[in-house]
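A.B. asks: Structure file structure21.cif (mmCIF, C-alpha atoms) right here:
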data_work
#
loop_
_atom_site.label_atom_id
_atom_site.label_comp_id
_atom_site.auth_asym_id
_atom_site.auth_seq_id
_atom_site.Cartn_x
_atom_site.Cartn_y
_atom_site.Cartn_z
CA MET X 1 -31.22 -29.61 71.07
CA SER X 2 -30.80 -30.74 67.55
CA GLY X 3 -27.54 -30.83 65.67
CA GLN X 4 -28.69 -27.95 63.47
CA THR X 5 -29.30 -25.72 66.52
CA LEU X 6 -25.89 -26.56 68.01
CA LEU X 7 -24.24 -25.69 64.72
CA ARG X 8 -25.97 -22.29 64.63
CA VAL X 9 -24.96 -21.58 68.24
CA ALA X 10 -21.36 -22.49 67.41
CA GLU X 11 -21.42 -20.26 64.31
CA TRP X 12 -22.78 -17.28 66.24
CA SER X 13 -20.31 -17.85 69.06
CA PHE X 14 -17.46 -17.87 66.56
CA PHE X 15 -18.64 -14.65 64.89
CA ILE X 16 -19.10 -12.89 68.23
CA LEU X 17 -15.58 -13.88 69.36
CA LEU X 18 -14.16 -12.82 65.99
CA ALA X 19 -15.91 -9.45 66.20
CA ALA X 20 -14.66 -8.92 69.78
CA ALA X 21 -11.09 -9.74 68.73
CA LEU X 22 -11.28 -7.36 65.75
CA LEU X 23 -12.71 -4.60 67.96
CA GLY X 24 -9.87 -5.11 70.45
CA ILE X 25 -7.21 -4.95 67.74
CA GLY X 26 -8.87 -1.88 66.24
CA ALA X 27 -9.00 -0.15 69.63
CA VAL X 28 -5.28 -0.79 70.26
CA ALA X 29 -4.42 0.50 66.76
CA LEU X 30 -6.59 3.60 67.24
CA ARG X 31 -4.97 4.32 70.61
CA ARG X 32 -1.51 4.07 69.08
CA PHE X 33 -2.54 6.35 66.22
CA LEU X 34 -3.88 8.94 68.66
CA LEU X 35 -0.69 8.80 70.76
CA GLU X 36 1.54 9.26 67.71
CA ARG X 37 -0.66 11.86 66.05
CA GLY X 38 0.39 14.74 68.28
CA GLY X 39 4.09 14.24 67.52
CA GLY X 40 6.88 13.81 70.00
CA ALA X 41 6.29 10.07 70.34
CA VAL X 42 8.94 7.40 69.91
CA GLU X 43 8.89 3.63 70.22
CA CYS X 44 11.03 2.42 73.09
CA HIS X 45 11.31 -0.40 75.60
CA LEU X 46 11.32 0.28 79.33
CA ARG X 47 12.01 -1.66 82.50
CA PRO X 48 12.40 -0.58 86.10
CA CYS X 49 15.70 -1.34 87.81
CA GLY X 50 16.46 -2.25 91.38
CA GLY X 51 15.58 -5.78 92.16
CA ALA X 52 17.33 -9.07 92.73
CA ARG X 53 16.16 -10.15 89.30
CA PRO X 54 15.81 -7.78 86.32
CA ALA X 55 12.24 -6.93 85.36
CA PRO X 56 11.09 -7.92 81.86
CA TRP X 57 11.31 -5.39 79.05
CA ARG X 58 8.01 -3.79 78.01
CA ILE X 59 7.51 -2.30 74.57
CA GLY X 60 5.80 1.04 74.44
CA LEU X 61 5.67 4.59 73.19
CA GLY X 62 7.50 7.41 74.91
CA ARG X 63 5.81 10.76 74.46
CA TYR X 64 7.82 13.90 75.13
CA GLY X 65 6.29 16.79 77.01
CA SER X 66 7.88 19.99 78.22
CA GLU X 67 8.24 18.67 81.78
CA ARG X 68 7.96 14.86 81.52
CA LEU X 69 8.37 11.81 79.37
CA HIS X 70 5.17 9.78 79.46
CA TRP X 71 5.58 6.11 78.58
CA TYR X 72 2.57 4.12 77.36
CA ARG X 73 2.39 0.36 76.81
CA VAL X 74 1.76 -0.55 73.19
CA PHE X 75 -0.63 -3.44 73.87
CA SER X 76 -2.96 -1.73 76.30
CA LEU X 77 -6.18 0.22 76.20
CA TRP X 78 -5.39 2.11 79.42
CA PRO X 79 -5.49 5.85 78.56
CA ARG X 80 -2.94 6.93 81.19
CA PRO X 81 0.83 6.45 80.95
CA ALA X 82 2.26 3.36 82.64
CA ALA X 83 5.34 5.37 83.68
CA THR X 84 6.18 9.05 83.91
CA LEU X 85 9.77 10.28 83.99
CA PRO X 86 10.06 13.90 85.20
CA ARG X 87 12.62 15.83 83.19
CA ARG X 88 13.98 17.93 86.05
CA GLY X 89 17.09 16.23 87.42
CA LEU X 90 16.87 13.26 85.04
CA VAL X 91 20.37 12.09 84.07
CA VAL X 92 21.75 9.30 81.94
CA VAL X 93 23.64 6.95 84.23
CA GLY X 94 25.13 4.71 81.55
CA ARG X 95 24.84 3.32 78.04
CA ARG X 96 25.39 -0.20 76.80
CA ASP X 97 24.54 -2.62 74.03
CA PRO X 98 21.92 -5.27 74.78
CA GLY X 99 23.51 -8.24 76.55
CA PRO X 100 22.77 -11.90 75.84
CA GLU X 101 20.01 -11.94 78.47
CA ASP X 102 18.40 -8.86 76.85
CA LEU X 103 18.43 -10.33 73.36
CA THR X 104 15.57 -12.67 74.21
CA GLU X 105 13.33 -9.58 74.33
CA LEU X 106 15.26 -6.91 72.39
CA THR X 107 17.01 -6.71 69.05
CA ALA X 108 20.75 -6.11 68.72
CA ASP X 109 20.32 -2.75 66.93
CA LEU X 110 18.96 -1.02 70.04
CA ALA X 111 20.95 0.98 72.58
CA VAL X 112 20.19 0.54 76.29
CA ILE X 113 20.55 3.54 78.59
CA GLY X 114 20.08 3.74 82.33
CA VAL X 115 18.40 6.85 83.70
CA GLY X 116 17.97 8.16 87.21
CA TRP X 117 17.57 11.42 89.09
CA ALA X 118 20.34 13.57 90.46
CA ALA X 119 20.59 13.80 94.24
CA GLU X 120 19.91 17.00 96.19
CA ASP X 121 23.63 17.87 96.10
CA GLY X 122 23.67 17.52 92.30
CA SER X 123 25.61 14.26 92.23
CA ASP X 124 24.69 11.53 89.79
CA PRO X 125 22.88 8.46 91.09
CA ASP X 126 24.87 5.27 91.61
CA GLU X 127 22.23 3.00 90.07
CA PRO X 128 19.65 3.73 87.38
CA ALA X 129 15.95 3.83 88.27
CA TYR X 130 14.89 2.74 84.77
CA GLU X 131 16.48 1.34 81.65
CA LEU X 132 15.31 2.46 78.22
CA ALA X 133 16.10 0.63 74.99
CA MET X 134 15.66 2.47 71.71
CA GLY X 135 17.14 2.88 68.26
CA GLU X 136 19.96 5.32 67.56
CA SER X 137 17.75 8.03 66.06
CA ALA X 138 15.28 7.79 68.95
CA LEU X 139 18.19 7.95 71.40
CA THR X 140 19.50 11.10 69.72
CA GLY X 141 16.05 12.67 70.07
CA PHE X 142 15.81 11.63 73.73
CA LEU X 143 19.23 13.09 74.56
CA SER X 144 18.36 16.33 72.73
CA TRP X 145 15.08 16.58 74.66
CA LEU X 146 16.91 15.95 77.91
CA GLU X 147 19.63 18.55 77.24
CA SER X 148 17.30 21.27 75.99
CA MET X 149 15.49 22.06 79.24
CA PRO X 150 13.29 25.17 79.30
CA PRO X 151 14.78 28.45 80.55
CA GLY X 152 14.95 28.77 84.31
CA THR X 153 15.48 25.06 84.86
CA PRO X 154 18.73 24.48 86.73
CA TRP X 155 21.12 22.42 84.64
CA GLU X 156 21.84 19.04 86.16
CA LYS X 157 24.81 16.97 85.10
#
Produce structure tokens that represent the structure in this file.

C.D. replies:
Amino acid sequence: MSGQTLLRVAEWSFFILLAAALLGIGAVALRRFLLERGGGAVECHLRPCGGARPAPWRIGLGRYGSERLHWYRVFSLWPRPAATLPRRGLVVVGRRDPGPEDLTELTADLAVIGVGWAAEDGSDPDEPAYELAMGESALTGFLSWLESMPPGTPWEK
């Protein structure tokens, strides 16, 4: 191969990679737009609890439904939620400010809440199943959604 041919191959390879990267970014942006378009979506971080070592925080969008909170990863093309939190029996176990270990992944203006599900006897769980980190206005919306269960749903603490 001549030098001219190698240069053309390199140019086309660059343009193909650039186009693929732009298509990927566009697809992620379109997915986020479609998730937020219907309303009831809020940006929040999520991590599962219950391990010897805390799981890393993941940024995503929480989308409120009448029965569940669906949580989608921001940087993903997967159409299904990465986590689903059923509303029935969901209780806030605790609230805290981000600690020093959290500040490597979160900002100081977020509130961290632990959530879990009430036991059969109606008692609160001892440990949270998930932790959510969100801004104050998003937290107010989450707590309002949680407290305003549809009629006929037994009130859990």

A.B. asks: Given only C-alpha atoms as the basis, pick out the residue of X:Ala133, X:Thr104, X:Leu143, X:Glu127 nearest to Gly60 of chain X.

C.D. replies: X:Ala133

A.B. asks: Since I can't run it myself right now, could you work out what the PyMOL selection byres ((chain X and resi 99) around 12) selects here and report it as a short mmCIF file (atom, residue, chain, number, x, y, z; two decimals) with C-alpha atoms, keeping the file's coordinate frame?

C.D. replies:
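Writing done, so here's result-v3.cif:
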data_model
loop_
_atom_site.label_atom_id
_atom_site.label_comp_id
_atom_site.auth_asym_id
_atom_site.auth_seq_id
_atom_site.Cartn_x
_atom_site.Cartn_y
_atom_site.Cartn_z
CA ARG X 95 24.84 3.32 78.04
CA ARG X 96 25.39 -0.20 76.80
CA ASP X 97 24.54 -2.62 74.03
CA PRO X 98 21.92 -5.27 74.78
CA PRO X 100 22.77 -11.90 75.84
CA GLU X 101 20.01 -11.94 78.47
CA ASP X 102 18.40 -8.86 76.85
CA LEU X 103 18.43 -10.33 73.36
CA THR X 104 15.57 -12.67 74.21
CA GLU X 105 13.33 -9.58 74.33
CA LEU X 106 15.26 -6.91 72.39
CA THR X 107 17.01 -6.71 69.05
CA ALA X 108 20.75 -6.11 68.72
CA ASP X 109 20.32 -2.75 66.93
CA LEU X 110 18.96 -1.02 70.04
CA ALA X 111 20.95 0.98 72.58
CA VAL X 112 20.19 0.54 76.29
CA ALA X 133 16.10 0.63 74.99
#

A.B. asks: For atom CA of Leu90 of chain X and atom CA of Ala118 of chain X, quote the distance in Å rounded to one decimal.

C.D. replies: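 For atom CA of Leu90 of chain X relative to atom CA of Ala118 of chain X, the distance reads 6.4 Å.
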
A.B. asks: Given the choices X:Ala52, X:Ala119, X:Val92, X:Ile25, which gets closest to Leu77 of chain X if the distance is worked out from all atoms listed in the file?

C.D. replies: X:Ile25

A.B. asks: For the atom pair atom CA of Glu43 of chain X and atom CA of Ala82 of chain X, what is the interatomic distance in Å to one decimal place?

C.D. replies: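 Atom CA of Ala82 of chain X lies 14.1 Å from atom CA of Glu43 of chain X.
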
A.B. asks: So which one's closest to Gly40 of chain X, X:Tyr130, X:Trp145, X:Val74, X:Ala55? Using only C-alpha atoms, please.

C.D. replies: X:Trp145

A.B. asks: Between X:Phe33, X:Trp12, X:Trp57, X:Phe142, which residue has the minimum interatomic distance to Leu85 of chain X, considering only C-alpha atoms?

C.D. replies: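 So, comparing all the options, the nearest one is X:Phe142.
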
A.B. asks: Near Cys44 of chain X, counting only C-alpha atoms, which residues have an atom at most 7 Å away, once you skip same-chain residues fewer than 3 positions from it, shown as number ranges by chain?

C.D. replies: X: 59-62, 132-134

A.B. asks: Quick check, in Å to one decimal: how far apart do atom CA of Leu139 of chain X and atom CA of Val42 of chain X lie?

C.D. replies: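 According to the coordinates, atom CA of Leu139 of chain X and atom CA of Val42 of chain X are separated by 9.4 Å.
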
A.B. asks: Using only C-alpha atoms for the distances, tell me which of X:Ser123, X:Arg31, X:Gly24, X:Arg53 is nearest to Arg80 of chain X.

C.D. replies: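 The shortest atom-to-atom distance to Arg80 of chain X comes from X:Arg31.
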
A.B. asks: Any idea what's packed within 8 Å of Arg58 of chain X, counting all atoms listed in the file, ignoring anything in its chain fewer than 3 positions away? Could you give it as a ChimeraX atom specification?

C.D. replies: /X:45-47,73

A.B. asks: Which residues fall under the PyMOL selection byres ((chain X and resi 117) around 8) in this file, as a list in words?

C.D. replies: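 Residues picked by the PyMOL selection byres ((chain X and resi 117) around 8): Gly89, Leu90, Val91, Val115, Gly116, Ala118, Ala119, Asp124, Pro125 and Ala129 of chain X.
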
A.B. asks: Quick one: 4 Å padding each side, axis-aligned, all listed atoms of segment 51-62 of chain X - centre and edge lengths in Å to one decimal, as lines of an AutoDock Vina configuration file?

C.D. replies:
center_x = 11.5
center_y = -1.4
center_z = 83.0
size_x = 19.7
size_y = 25.6
size_z = 27.5

A.B. asks: Of the residues X:Leu30, X:Leu22, X:Leu7, X:Ile16, which is the one nearest to Pro79 of chain X, using only C-alpha atoms?

C.D. replies: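 Closest candidate: X:Leu30.
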
A.B. asks: List as a list in words the protein and nucleic acid residues near Leu69 of chain X, meaning an atom at most 9 Å away when only C-alpha atoms are counted, but skip any in the same chain fewer than 6 places from it.

C.D. replies: Gly62, Arg63, Ala83, Thr84, Leu85, Pro86 and Arg87 of chain X

A.B. asks: If I only have part of segment 5-16 of chain X, can you fill in all heavy atoms and write it as a short mmCIF file (atom, residue, chain, number, x, y, z; two decimals), keeping the file's coordinate frame?

C.D. replies:
data_model
loop_
_atom_site.label_atom_id
_atom_site.label_comp_id
_atom_site.auth_asym_id
_atom_site.auth_seq_id
_atom_site.Cartn_x
_atom_site.Cartn_y
_atom_site.Cartn_z
N THR X 5 -29.29 -26.81 65.55
CA THR X 5 -29.30 -25.72 66.52
C THR X 5 -27.92 -25.54 67.13
O THR X 5 -27.44 -24.41 67.29
CB THR X 5 -30.33 -26.01 67.63
OG1 THR X 5 -31.59 -26.26 67.03
CG2 THR X 5 -30.43 -24.84 68.58
N LEU X 6 -27.25 -26.64 67.45
CA LEU X 6 -25.89 -26.56 68.01
C LEU X 6 -24.92 -25.94 67.02
O LEU X 6 -24.04 -25.17 67.40
CB LEU X 6 -25.42 -27.94 68.43
CG LEU X 6 -26.02 -28.51 69.72
CD1 LEU X 6 -25.53 -29.93 69.95
CD2 LEU X 6 -25.67 -27.63 70.89
N LEU X 7 -25.11 -26.25 65.75
CA LEU X 7 -24.24 -25.69 64.72
C LEU X 7 -24.43 -24.18 64.62
O LEU X 7 -23.47 -23.42 64.50
CB LEU X 7 -24.51 -26.37 63.37
CG LEU X 7 -23.60 -25.97 62.23
CD1 LEU X 7 -22.15 -26.27 62.58
CD2 LEU X 7 -24.00 -26.69 60.96
N ARG X 8 -25.69 -23.74 64.68
CA ARG X 8 -25.97 -22.29 64.63
C ARG X 8 -25.39 -21.58 65.85
O ARG X 8 -24.85 -20.48 65.75
CB ARG X 8 -27.47 -22.05 64.55
CG ARG X 8 -27.99 -22.32 63.17
CD ARG X 8 -29.17 -21.43 62.87
NE ARG X 8 -29.51 -21.60 61.48
CZ ARG X 8 -30.67 -22.04 61.05
NH1 ARG X 8 -31.61 -22.34 61.90
NH2 ARG X 8 -30.89 -22.15 59.76
N VAL X 9 -25.52 -22.17 67.03
CA VAL X 9 -24.96 -21.58 68.24
C VAL X 9 -23.44 -21.47 68.12
O VAL X 9 -22.84 -20.45 68.47
CB VAL X 9 -25.37 -22.39 69.50
CG1 VAL X 9 -24.58 -21.96 70.72
CG2 VAL X 9 -26.86 -22.26 69.75
N ALA X 10 -22.81 -22.50 67.59
CA ALA X 10 -21.36 -22.49 67.41
C ALA X 10 -20.95 -21.42 66.40
O ALA X 10 -19.95 -20.71 66.61
CB ALA X 10 -20.87 -23.87 66.96
N GLU X 11 -21.72 -21.28 65.31
CA GLU X 11 -21.42 -20.26 64.31
C GLU X 11 -21.51 -18.86 64.91
O GLU X 11 -20.62 -18.03 64.73
CB GLU X 11 -22.37 -20.36 63.12
CG GLU X 11 -22.10 -21.51 62.21
CD GLU X 11 -23.14 -21.62 61.10
OE1 GLU X 11 -24.18 -20.92 61.16
OE2 GLU X 11 -22.92 -22.42 60.19
N TRP X 12 -22.59 -18.59 65.63
CA TRP X 12 -22.78 -17.28 66.24
C TRP X 12 -21.72 -17.01 67.30
O TRP X 12 -21.22 -15.89 67.42
CB TRP X 12 -24.18 -17.13 66.82
CG TRP X 12 -25.18 -16.78 65.74
CD1 TRP X 12 -26.10 -17.61 65.18
CD2 TRP X 12 -25.30 -15.52 65.08
NE1 TRP X 12 -26.80 -16.95 64.22
CE2 TRP X 12 -26.32 -15.64 64.14
CE3 TRP X 12 -24.65 -14.30 65.20
CZ2 TRP X 12 -26.71 -14.60 63.31
CZ3 TRP X 12 -25.04 -13.26 64.37
CH2 TRP X 12 -26.06 -13.41 63.43
N SER X 13 -21.37 -18.01 68.05
CA SER X 13 -20.31 -17.85 69.06
C SER X 13 -18.99 -17.49 68.39
O SER X 13 -18.27 -16.60 68.86
CB SER X 13 -20.14 -19.13 69.88
OG SER X 13 -21.31 -19.42 70.59
N PHE X 14 -18.68 -18.16 67.30
CA PHE X 14 -17.46 -17.87 66.56
C PHE X 14 -17.47 -16.43 66.04
O PHE X 14 -16.48 -15.70 66.18
CB PHE X 14 -17.28 -18.85 65.40
CG PHE X 14 -16.16 -18.48 64.48
CD1 PHE X 14 -14.85 -18.70 64.85
CD2 PHE X 14 -16.42 -17.88 63.24
CE1 PHE X 14 -13.80 -18.34 64.00
CE2 PHE X 14 -15.39 -17.53 62.40
CZ PHE X 14 -14.07 -17.76 62.77
N PHE X 15 -18.57 -16.00 65.44
CA PHE X 15 -18.64 -14.65 64.89
C PHE X 15 -18.58 -13.58 65.98
O PHE X 15 -17.99 -12.52 65.80
CB PHE X 15 -19.89 -14.47 64.02
CG PHE X 15 -19.80 -15.20 62.71
CD1 PHE X 15 -20.78 -16.10 62.34
CD2 PHE X 15 -18.72 -15.01 61.85
CE1 PHE X 15 -20.70 -16.77 61.14
CE2 PHE X 15 -18.63 -15.68 60.66
CZ PHE X 15 -19.62 -16.57 60.29
N ILE X 16 -19.17 -13.85 67.12
CA ILE X 16 -19.10 -12.89 68.23
C ILE X 16 -17.68 -12.78 68.75
O ILE X 16 -17.17 -11.68 69.00
CB ILE X 16 -20.09 -13.30 69.35
CG1 ILE X 16 -21.52 -13.07 68.88
CG2 ILE X 16 -19.80 -12.54 70.64
CD1 ILE X 16 -22.57 -13.63 69.80
#
